[in-house]
file final_0.cif (mmCIF, C-alpha atoms)
data_input
loop_
_atom_site.label_atom_id
_atom_site.label_comp_id
_atom_site.auth_asym_id
_atom_site.auth_seq_id
_atom_site.Cartn_x
_atom_site.Cartn_y
_atom_site.Cartn_z
CA MET A 92 -52.48 -5.97 3.14
CA MET A 93 -55.70 -5.92 1.12
CA LEU A 94 -57.73 -6.74 4.28
CA ALA A 95 -56.29 -3.68 6.00
CA PHE A 96 -57.18 -1.56 2.98
CA VAL A 97 -60.78 -2.82 2.96
CA CYS A 98 -61.16 -2.16 6.69
CA SER A 99 -59.78 1.34 6.28
CA ALA A 100 -62.15 2.03 3.37
CA ALA A 101 -65.13 0.77 5.41
CA ALA A 102 -64.17 2.96 8.36
CA LEU A 103 -63.89 6.04 6.15
CA THR A 104 -67.30 5.25 4.61
CA LEU A 105 -68.88 5.07 8.08
CA VAL A 106 -67.33 8.43 8.97
CA LEU A 107 -68.79 9.93 5.80
CA ILE A 108 -72.25 8.47 6.54
CA ALA A 109 -72.07 9.85 10.09
CA ALA A 110 -71.26 13.31 8.77
CA ILE A 111 -74.22 13.16 6.36
CA ALA A 112 -76.51 11.85 9.11
CA ARG A 113 -75.58 14.71 11.43
CA ASN A 114 -76.68 17.27 8.84
CA LEU A 115 -79.88 15.37 7.89
CA LEU A 116 -81.06 15.00 11.52
CA ARG A 117 -80.80 18.74 12.17
CA PHE A 118 -84.06 19.37 10.28
CA ASP A 119 -87.37 20.15 12.09
CA THR A 120 -89.66 17.40 13.36
CA GLU A 121 -91.89 17.32 10.33
CA GLU A 122 -88.91 16.85 8.05
CA ARG A 123 -87.17 14.15 10.11
CA THR A 124 -89.16 11.29 8.58
CA ALA A 125 -87.95 12.21 5.10
CA SER A 126 -84.44 12.77 6.46
CA ARG A 127 -84.34 9.32 8.03
CA ILE A 128 -85.45 7.80 4.70
CA ALA A 129 -82.71 9.75 2.89
CA LEU A 130 -80.20 8.63 5.53
CA GLY A 131 -81.15 5.00 5.08
CA VAL A 132 -80.88 5.21 1.31
CA THR A 133 -77.46 6.93 1.64
CA ALA A 134 -76.17 4.36 4.13
CA LEU A 135 -77.18 1.58 1.73
CA LEU A 136 -76.17 3.08 -1.60
CA LEU A 137 -72.87 4.80 -0.66
CA PRO A 138 -70.95 1.63 0.37
CA LEU A 139 -72.52 -0.29 -2.51
CA ALA A 140 -71.54 2.38 -5.05
CA ALA A 141 -68.00 2.59 -3.65
CA ALA A 142 -67.58 -1.18 -3.80
CA LEU A 143 -68.87 -1.37 -7.37
CA LEU A 144 -66.64 1.48 -8.52
CA TYR A 145 -63.53 -0.05 -6.90
CA TRP A 146 -64.33 -3.48 -8.31
CA HIS A 147 -64.71 -1.99 -11.80
CA PHE A 148 -61.62 0.22 -11.85
CA SER A 149 -59.22 -1.66 -9.54
CA SER A 150 -56.51 -3.96 -10.92
CA TRP A 151 -56.52 -6.10 -7.76
CA GLU A 152 -57.06 -9.79 -8.38
CA TRP A 153 -59.57 -11.07 -5.81
CA ASP A 154 -59.22 -14.76 -6.63
CA PRO A 155 -56.36 -16.04 -4.39
CA ARG A 156 -55.46 -18.78 -6.88
CA LEU A 157 -55.01 -16.25 -9.67
CA ARG A 158 -53.00 -13.98 -7.34
CA ALA A 159 -50.66 -16.86 -6.53
CA ALA A 160 -50.23 -17.66 -10.21
CA ALA A 161 -49.46 -14.00 -10.98
CA ALA A 162 -46.89 -13.86 -8.16
CA ASP A 163 -45.08 -16.84 -9.64
CA ASP A 164 -45.02 -15.24 -13.07
CA THR A 165 -41.77 -13.25 -12.46
CA PRO A 166 -39.27 -12.60 -15.24
CA ASP A 167 -36.73 -15.41 -15.62
CA VAL A 168 -33.33 -13.93 -16.50
CA SER A 169 -32.14 -17.11 -18.18
CA GLN A 170 -35.35 -17.25 -20.21
CA MET A 171 -34.93 -13.62 -21.27
CA ILE A 172 -31.34 -14.28 -22.34
CA ALA A 173 -32.45 -17.38 -24.26
CA GLN A 174 -35.10 -15.32 -26.07
CA LEU A 175 -32.51 -12.66 -26.92
CA GLU A 176 -30.11 -15.31 -28.24
CA ALA A 177 -32.90 -16.82 -30.36
CA ARG A 178 -33.73 -13.41 -31.78
CA LEU A 179 -30.09 -12.68 -32.63
CA LYS A 180 -29.92 -15.89 -34.68
CA THR A 181 -32.40 -14.33 -37.09
CA HIS A 182 -31.03 -10.77 -36.71
CA PRO A 183 -27.24 -11.26 -36.65
CA ASP A 184 -26.51 -7.61 -37.45
CA ASP A 185 -28.41 -6.22 -34.44
CA ALA A 186 -25.49 -4.49 -32.70
CA ASP A 187 -27.62 -3.25 -29.78
CA GLY A 188 -28.90 -6.78 -29.19
CA TRP A 189 -25.37 -8.19 -29.14
CA LEU A 190 -24.27 -5.44 -26.75
CA LEU A 191 -27.16 -6.27 -24.42
CA LEU A 192 -26.27 -9.96 -24.54
CA GLY A 193 -22.62 -9.13 -23.88
CA ARG A 194 -23.52 -7.05 -20.81
CA SER A 195 -25.77 -9.82 -19.51
CA LYS A 196 -23.12 -12.51 -19.91
CA TYR A 197 -20.50 -10.24 -18.35
CA VAL A 198 -22.67 -9.63 -15.27
CA LEU A 199 -23.14 -13.40 -14.97
CA LYS A 200 -19.32 -13.73 -15.18
CA ASP A 201 -19.60 -15.95 -18.24
CA TYR A 202 -16.68 -14.13 -19.85
CA SER A 203 -16.23 -16.53 -22.74
CA ALA A 204 -19.86 -16.05 -23.83
CA ALA A 205 -19.55 -12.31 -23.20
CA ALA A 206 -16.50 -12.19 -25.47
CA HIS A 207 -18.48 -13.91 -28.24
CA ALA A 208 -21.41 -11.49 -27.90
CA TYR A 209 -19.22 -8.39 -27.75
CA GLY A 210 -17.23 -9.78 -30.67
CA GLU A 211 -20.42 -9.95 -32.75
CA ALA A 212 -21.25 -6.37 -31.73
CA TYR A 213 -17.70 -5.38 -32.71
CA ARG A 214 -18.23 -7.04 -36.10
CA ALA A 215 -21.66 -5.45 -36.60
CA THR A 216 -20.29 -1.97 -35.84
CA LYS A 217 -17.18 -2.53 -37.98
CA GLY A 218 -14.94 -1.89 -34.96
CA GLN A 219 -16.08 1.71 -34.53
CA ASP A 220 -18.18 1.31 -31.36
CA LEU A 221 -16.03 1.86 -28.26
CA GLU A 222 -18.31 -0.11 -25.90
CA ALA A 223 -18.25 -3.13 -28.20
CA LEU A 224 -14.50 -2.82 -28.66
CA LEU A 225 -13.71 -2.54 -24.93
CA GLY A 226 -16.25 -5.18 -23.97
CA TYR A 227 -14.77 -7.60 -26.49
CA ALA A 228 -11.20 -6.94 -25.33
CA GLU A 229 -11.95 -7.07 -21.60
CA SER A 230 -14.03 -10.25 -21.83
CA LEU A 231 -11.27 -11.93 -23.83
CA ALA A 232 -8.69 -10.92 -21.23
CA LEU A 233 -10.83 -12.12 -18.33
CA SER A 234 -11.61 -15.44 -19.97
CA ASP A 235 -7.97 -16.02 -20.96
CA PRO A 236 -5.26 -13.65 -19.62
CA ASP A 237 -2.83 -14.89 -22.28
CA THR A 238 -4.86 -13.00 -24.88
CA LEU A 239 -3.33 -9.79 -23.50
CA LYS A 240 -0.20 -10.91 -25.35
CA GLY A 241 -2.18 -11.06 -28.60
CA LYS A 242 -5.78 -10.37 -29.61
CA ALA A 243 -6.98 -8.60 -26.46
CA GLY A 244 -3.82 -6.52 -26.28
CA ASP A 245 -4.27 -5.43 -29.91
CA LEU A 246 -7.90 -4.48 -29.25
CA PHE A 247 -6.93 -2.30 -26.29
CA GLU A 248 -4.36 -0.57 -28.49
CA THR A 249 -7.15 0.16 -30.97
CA ALA A 250 -9.34 1.46 -28.14
CA LEU A 251 -6.58 3.83 -27.03
CA ALA A 252 -6.31 5.12 -30.59
CA LEU A 253 -10.05 5.90 -30.53
CA ASP A 254 -10.02 7.38 -27.01
CA PRO A 255 -6.52 8.05 -25.59
CA SER A 256 -7.89 9.01 -22.16
CA ASN A 257 -10.28 6.09 -21.66
CA PRO A 258 -9.58 4.69 -18.14
CA LYS A 259 -10.33 1.06 -18.98
CA ALA A 260 -8.22 1.17 -22.12
CA LEU A 261 -5.31 2.79 -20.23
CA TRP A 262 -5.47 0.17 -17.46
CA PHE A 263 -5.61 -2.91 -19.67
CA ALA A 264 -3.23 -1.54 -22.31
CA GLY A 265 -0.77 -0.87 -19.49
CA LEU A 266 -1.28 -4.40 -18.22
CA ALA A 267 -0.65 -5.78 -21.70
CA ALA A 268 2.51 -3.70 -22.03
CA SER A 269 3.71 -4.95 -18.63
CA ILE A 270 3.10 -8.60 -19.51
CA ASN A 271 4.92 -8.14 -22.81
CA GLY A 272 7.98 -6.71 -21.02
CA ARG A 273 7.40 -3.08 -22.05
CA SER A 274 7.54 -1.68 -18.51
CA GLU A 275 8.24 1.93 -19.51
CA LEU A 276 5.15 2.00 -21.75
CA ALA A 277 3.08 0.41 -18.97
CA GLU A 278 4.33 3.02 -16.50
CA SER A 279 3.51 5.85 -18.90
CA ARG A 280 -0.05 4.62 -19.36
CA TRP A 281 -0.67 4.02 -15.68
CA MET A 282 0.74 7.42 -14.73
CA THR A 283 -1.68 8.96 -17.25
CA LEU A 284 -4.47 6.95 -15.65
CA LEU A 285 -3.42 8.07 -12.17
CA GLN A 286 -3.91 11.71 -13.18
CA GLN A 287 -7.62 11.14 -13.75
CA ALA A 288 -10.42 11.58 -11.19
CA LEU A 289 -10.49 7.98 -9.99
CA PRO A 290 -11.92 6.53 -6.75
CA GLN A 291 -9.24 6.37 -4.06
CA ASN A 292 -9.21 2.56 -3.92
CA ILE A 293 -8.59 2.41 -7.69
CA LYS A 294 -5.74 4.91 -7.37
CA VAL A 295 -4.15 2.68 -4.74
CA ILE A 296 -4.34 -0.33 -7.07
CA VAL A 297 -2.73 1.63 -9.91
CA ALA A 298 -0.07 2.96 -7.56
CA GLU A 299 0.70 -0.59 -6.36
CA ARG A 300 1.20 -1.71 -9.96
CA LEU A 301 3.52 1.23 -10.62
CA THR A 302 5.51 0.42 -7.48
CA ALA A 303 5.82 -3.21 -8.53
CA LEU A 304 7.04 -2.13 -11.97
CA ALA A 305 9.70 0.12 -10.48
CA THR A 306 10.85 -2.57 -8.05
CA ALA A 307 11.09 -5.23 -10.76
CA SER A 308 13.12 -2.84 -12.92
CA GLY A 309 15.42 -1.75 -10.09
CA ARG A 310 14.27 1.88 -10.36
CA PRO A 311 13.18 4.21 -7.53
CA VAL A 312 9.44 4.56 -6.97
CA ASN A 313 7.91 7.72 -8.42
CA PRO A 314 7.60 10.23 -5.52
CA ARG A 315 3.96 10.93 -6.29
CA VAL A 316 3.15 7.22 -6.28
CA ALA A 317 5.04 6.71 -3.02
CA ALA A 318 3.20 9.64 -1.40
CA LEU A 319 -0.16 8.26 -2.50
CA LEU A 320 0.53 4.83 -1.02
CA LEU A 321 1.88 6.29 2.22
CA ALA A 322 -1.25 8.43 2.58
CA ALA A 323 -3.46 5.38 1.95
CA ALA A 324 -1.55 3.34 4.51
CA SER A 325 -1.65 6.06 7.17
CA SER A 326 -5.37 6.68 6.66
CA SER A 327 -6.11 3.01 7.31
CA GLN A 328 -4.39 3.05 10.68
CA SER A 329 -5.52 4.95 13.77
CA ALA A 330 -2.77 7.14 15.21
CA PRO A 331 -2.68 10.15 17.60
CA THR A 332 -2.94 13.43 15.70
CA THR A 333 -1.57 15.68 18.44
CA GLN A 334 1.17 15.41 21.01
CA GLY A 335 1.41 17.27 24.30
CA GLU A 336 4.24 19.67 25.00
CA GLY A 337 5.74 17.37 27.58
CA ALA A 338 5.29 14.18 25.58
CA VAL A 339 8.29 11.94 25.14
CA ALA A 340 9.25 11.19 21.56
CA ARG A 341 8.37 7.64 20.52
CA PRO A 342 11.51 5.53 20.02
CA GLU A 343 12.20 4.01 16.64
CA PRO A 344 10.95 0.41 16.36
CA PRO A 345 13.70 -2.20 16.68
CA GLU A 346 15.07 -3.97 13.62
CA ARG A 347 13.10 -7.11 12.75
CA THR A 348 13.85 -10.03 10.50
CA VAL A 349 11.78 -12.98 9.36
CA ARG A 350 13.43 -16.25 8.36
CA VAL A 351 11.44 -17.90 5.57
CA HIS A 352 11.85 -21.54 4.51
CA VAL A 353 10.29 -22.10 1.07
CA THR A 354 9.35 -25.49 -0.36
CA VAL A 355 7.28 -26.69 -3.32
CA ASP A 356 4.43 -29.14 -2.92
CA PRO A 357 5.38 -32.31 -4.88
CA ARG A 358 2.03 -32.16 -6.68
CA LEU A 359 3.08 -28.87 -8.33
CA ALA A 360 6.73 -29.69 -8.92
CA ASN A 361 6.16 -30.50 -12.61
CA LYS A 362 4.38 -27.16 -13.14
CA VAL A 363 7.40 -25.04 -12.16
CA PRO A 364 8.98 -23.58 -15.33
CA THR A 365 12.60 -24.44 -16.02
CA HIS A 366 13.49 -20.75 -16.06
CA ASN A 367 11.39 -19.06 -13.42
CA THR A 368 11.07 -16.03 -11.19
CA LEU A 369 10.28 -16.42 -7.49
CA PHE A 370 9.09 -13.61 -5.23
CA VAL A 371 9.18 -13.94 -1.45
CA LEU A 372 7.36 -11.12 0.28
CA ALA A 373 5.68 -9.97 3.48
CA ARG A 374 2.35 -8.14 3.67
CA ASP A 375 0.38 -6.52 6.45
CA PRO A 376 -3.15 -7.98 6.04
CA SER A 377 -4.70 -4.99 7.82
CA ALA A 378 -3.20 -2.28 5.61
CA PRO A 379 -3.43 -1.64 1.86
CA GLY A 380 -0.41 -0.86 -0.24
CA PRO A 381 2.68 -2.62 -1.54
CA PRO A 382 4.48 -5.39 0.38
CA LEU A 383 6.44 -4.42 3.49
CA ALA A 384 9.38 -6.46 2.22
CA VAL A 385 10.09 -8.32 -1.01
CA LYS A 386 12.93 -10.30 -2.57
CA ARG A 387 13.23 -11.65 -6.10
CA PHE A 388 15.05 -14.81 -7.15
CA ASP A 389 15.69 -16.01 -10.69
CA THR A 390 15.51 -19.82 -11.00
CA PRO A 391 16.37 -20.56 -7.37
CA THR A 392 17.19 -24.03 -6.03
CA MET A 393 14.56 -25.53 -3.74
CA PRO A 394 14.18 -25.69 -0.82
CA LEU A 395 15.13 -22.05 -0.31
CA ASP A 396 15.94 -20.14 2.87
CA VAL A 397 15.32 -16.39 2.79
CA VAL A 398 15.71 -13.63 5.36
CA LEU A 399 13.35 -10.65 5.02
CA SER A 400 14.21 -7.45 6.88
CA SER A 401 13.48 -3.73 6.88
CA LYS A 402 16.16 -3.35 4.22
CA ASP A 403 13.81 -5.13 1.80
CA ALA A 404 11.06 -2.51 2.17
CA MET A 405 9.55 -0.95 -0.94
CA LEU A 406 8.71 2.33 0.79
CA PRO A 407 10.47 4.17 3.63
CA ASN A 408 8.80 4.09 7.06
CA ARG A 409 6.71 1.11 5.96
CA THR A 410 8.59 -2.02 6.91
CA ILE A 411 8.05 -5.33 8.65
CA ALA A 412 9.29 -3.68 11.87
CA THR A 413 6.04 -1.69 12.14
CA ALA A 414 3.58 -4.55 11.52
CA THR A 415 1.68 -6.41 14.23
CA HIS A 416 0.64 -9.18 11.83
CA LEU A 417 2.30 -10.50 8.71
CA VAL A 418 1.40 -12.75 5.81
CA ILE A 419 4.46 -14.31 4.19
CA VAL A 420 3.99 -15.20 0.51
CA ALA A 421 6.18 -17.21 -1.86
CA ARG A 422 5.07 -17.11 -5.49
CA TYR A 423 6.42 -18.27 -8.82
CA SER A 424 5.52 -15.51 -11.28
CA LEU A 425 4.95 -16.77 -14.81
CA SER A 426 5.07 -13.20 -16.14
CA GLY A 427 8.12 -12.22 -14.10
CA GLN A 428 6.11 -9.44 -12.42
CA PRO A 429 5.66 -9.08 -8.64
CA VAL A 430 1.88 -8.67 -8.94
CA ALA A 431 -0.01 -11.96 -8.81
CA ALA A 432 -1.63 -13.18 -12.03
CA ALA A 433 -3.67 -16.19 -13.04
CA GLY A 434 -1.54 -19.29 -13.42
CA ASP A 435 1.12 -18.29 -10.89
CA LEU A 436 2.12 -20.90 -8.30
CA SER A 437 1.76 -19.59 -4.78
CA GLY A 438 1.79 -20.36 -1.07
CA GLU A 439 1.38 -18.24 2.04
CA ILE A 440 1.23 -18.36 5.83
CA ALA A 441 0.18 -15.84 8.47
CA ILE A 442 2.46 -15.23 11.45
CA ASP A 443 2.53 -13.07 14.57
CA PRO A 444 5.97 -11.39 14.41
CA ALA A 445 5.83 -10.57 18.12
CA HIS A 446 6.03 -14.29 18.94
CA THR A 447 7.97 -15.81 16.05
CA ASP A 448 10.55 -14.80 13.46
CA ALA A 449 10.27 -17.94 11.33
CA ALA A 450 7.83 -18.97 8.60
CA ASP A 451 7.57 -22.19 6.61
CA VAL A 452 5.85 -21.56 3.28
CA SER A 453 4.82 -24.35 0.93
CA ILE A 454 3.99 -23.39 -2.66
CA SER A 455 0.88 -25.51 -3.04
CA SER A 456 -1.77 -23.64 -5.03
CA VAL A 457 -2.36 -22.13 -8.47
CA VAL A 458 -3.54 -18.52 -8.63
CA ARG A 459 -6.97 -18.29 -10.28
#
call {"tool": "encode", "arguments": {"input": "final_0.cif", "output": "structure tokens"}}
result
Amino acid sequence: MMLAFVCSAAALTLVLIAAIARNLLRFDTEERTASRIALGVTALLLPLAAALLYWHFSSWEWDPRLRAAAADDTPDVSQMIAQLEARLKTHPDDADGWLLLGRSKYVLKDYSAAAHAYGEAYRATKGQDLEALLGYAESLALSDPDTLKGKAGDLFETALALDPSNPKALWFAGLAASINGRSELAESRWMTLLQQALPQNIKVIVAERLTALATASGRPVNPRVAALLLAAASSSQSAPTTQGEGAVARPEPPERTVRVHVTVDPRLANKVPTHNTLFVLARDPSAPGPPLAVKRFDTPTMPLDVVLSSKDAMLPNRTIATATHLVIVARYSLSGQPVAAAGDLSGEIAIDPAHTDAADVSISSVVR
């Protein structure tokens, strides 16, 4: 790149010398000798002066060894974090420093270290800084979901007291309420969250949680939530928008059932709680939204045979009868909620419902 710059500069210098020469050589014969001398001096001094000026004022390093060393001297994130940590040891009340360290650890997904840093910022600000408070609570919850039943849950309650409309506080406080069996409080908080100007994909996630809450409680899905999920599902599928006058109405899809045989991998048998909740459900992997069919069982006997049908749909007009591909999931929920959470025991299998109506699912993995 520097070679191209030097060549360009040399070419421009020659153009300038040519322009000067043209004017100098227009003089009469008796003046041409002096003009040629002036031209020679200009041709010699102009490039030399330009080179000296660029060498003096330019920051370019001409020595290739020094350039290579400078290129290798890039900031090391881990080194910067180590320097920040060393500084905080001597300045433990630097709230901004702890916040910066918390953000850094969070980005690196070291949630335990992020919780410690945000916790120090929370201490330094006496619990009055919302970023420190939320960062502390969220990092705790991500490093150990069980803290939503205790410390993290309490922190989110405090955050809501400081800012009742904060989206992150509403989401996590609703999650904590759901885990602690307070489904009505969780629904209230998530409905408040749903009224905010959120990205569409976030609204779908909130709506799915609200649908799962309603299903687990045996209550009908809120009409607004159902409409949102139906709109999201329809927008993800290509369908004709118009129909000719002579078009024939499309017949209703036939009833479809899927026979599911559920077993537990012997390696996980000792991890199944004595009193447990099992969900068997069907999803369309190509469409967002709640399951197409779901059944709940309290402390079932294994192995278990289940039949999923359109009658098990969570939303009308969105059933297993309309899907071209299905993923059948069997999951022990430690929280008793239909939405997967860390620590749940799960298994799944993909099937083509056009060619088979049976699925064998082995619960063989732990949700992370």
call {"tool": "atom_distance", "arguments": {"input": "final_0.cif", "atom1": "atom CA of Leu224 of chain A", "atom2": "atom CA of Ile172 of chain A"}}
result
21.3 Å
call {"tool": "resolve_selection", "arguments": {"input": "final_0.cif", "expression": "the PyMOL selection byres ((chain A and resi 264) around 8)", "output": "list in words"}}
result
Gly244, Phe247, Glu248, Leu251, Ala260, Leu261, Trp262, Phe263, Gly265, Leu266, Ala267, Ala268, Ala277 and Arg280 of chain A
call {"tool": "write_last_selection", "arguments": {"input": "final_0.cif", "atoms": "C-alpha atoms", "output": "JSON list (two decimals), in the frame of the given file"}}
result
[["chain", "number", "residue", "atom", "x", "y", "z"],
["A", 244, "GLY", "CA", -3.82, -6.52, -26.28],
["A", 247, "PHE", "CA", -6.93, -2.30, -26.29],
["A", 248, "GLU", "CA", -4.36, -0.57, -28.49],
["A", 251, "LEU", "CA", -6.58, 3.83, -27.03],
["A", 260, "ALA", "CA", -8.22, 1.17, -22.12],
["A", 261, "LEU", "CA", -5.31, 2.79, -20.23],
["A", 262, "TRP", "CA", -5.47, 0.17, -17.46],
["A", 263, "PHE", "CA", -5.61, -2.91, -19.67],
["A", 265, "GLY", "CA", -0.77, -0.87, -19.49],
["A", 266, "LEU", "CA", -1.28, -4.40, -18.22],
["A", 267, "ALA", "CA", -0.65, -5.78, -21.70],
["A", 268, "ALA", "CA", 2.51, -3.70, -22.03],
["A", 277, "ALA", "CA", 3.08, 0.41, -18.97],
["A", 280, "ARG", "CA", -0.05, 4.62, -19.36]]
call {"tool": "atom_distance", "arguments": {"input": "final_0.cif", "atom1": "atom CA of Lys362 of chain A", "atom2": "atom CA of Ser203 of chain A"}}
result
25.1 Å
call {"tool": "resolve_selection", "arguments": {"input": "final_0.cif", "expression": "the PyMOL selection byres ((chain A and resi 369-378) around 10)", "output": "ChimeraX atom specification"}}
result
/A:323-328,349,351,353,367-368,379-391,397-400,403-404,409-411,413-425,427-431,435-441,452
call {"tool": "resolve_selection", "arguments": {"input": "final_0.cif", "expression": "the PyMOL selection byres ((chain A and resi 354) around 10)", "output": "JSON, numbers by chain"}}
result
{"A": [351, 352, 353, 355, 356, 357, 360, 392, 393, 394, 395, 396, 421, 438, 451, 452, 453, 454, 455]}
call {"tool": "atom_distance", "arguments": {"input": "final_0.cif", "atom1": "atom CA of Ile296 of chain A", "atom2": "atom CA of Leu320 of chain A"}}
result
9.3 Å
call {"tool": "residues_around", "arguments": {"input": "final_0.cif", "residues": "Met282 of chain A", "least_positions_apart": "6", "cutoff": "9 Å", "atoms": "all atoms listed in the file", "output": "list in words"}}
result
Val297, Ala298, Leu301 and Val316 of chain A
call {"tool": "residues_around", "arguments": {"input": "final_0.cif", "residues": "segment 233-241 of chain A", "least_positions_apart": "2", "cutoff": "10 Å", "atoms": "all atoms listed in the file", "output": "PyMOL selection string"}}
result
chain A and resi 197+200-206+228-231+243-247+263-264+266-271+432-434
call {"tool": "closest_residue", "arguments": {"input": "final_0.cif", "among": "A:Asp254, A:Glu299, A:Asn292, A:Ala186", "to": "Glu211 of chain A", "atoms": "only C-alpha atoms"}}
result
A:Ala186
call {"tool": "closest_residue", "arguments": {"input": "final_0.cif", "among": "A:Arg194, A:Pro255, A:Gln170, A:Ala215", "to": "His182 of chain A", "atoms": "all atoms listed in the file"}}
result
A:Ala215
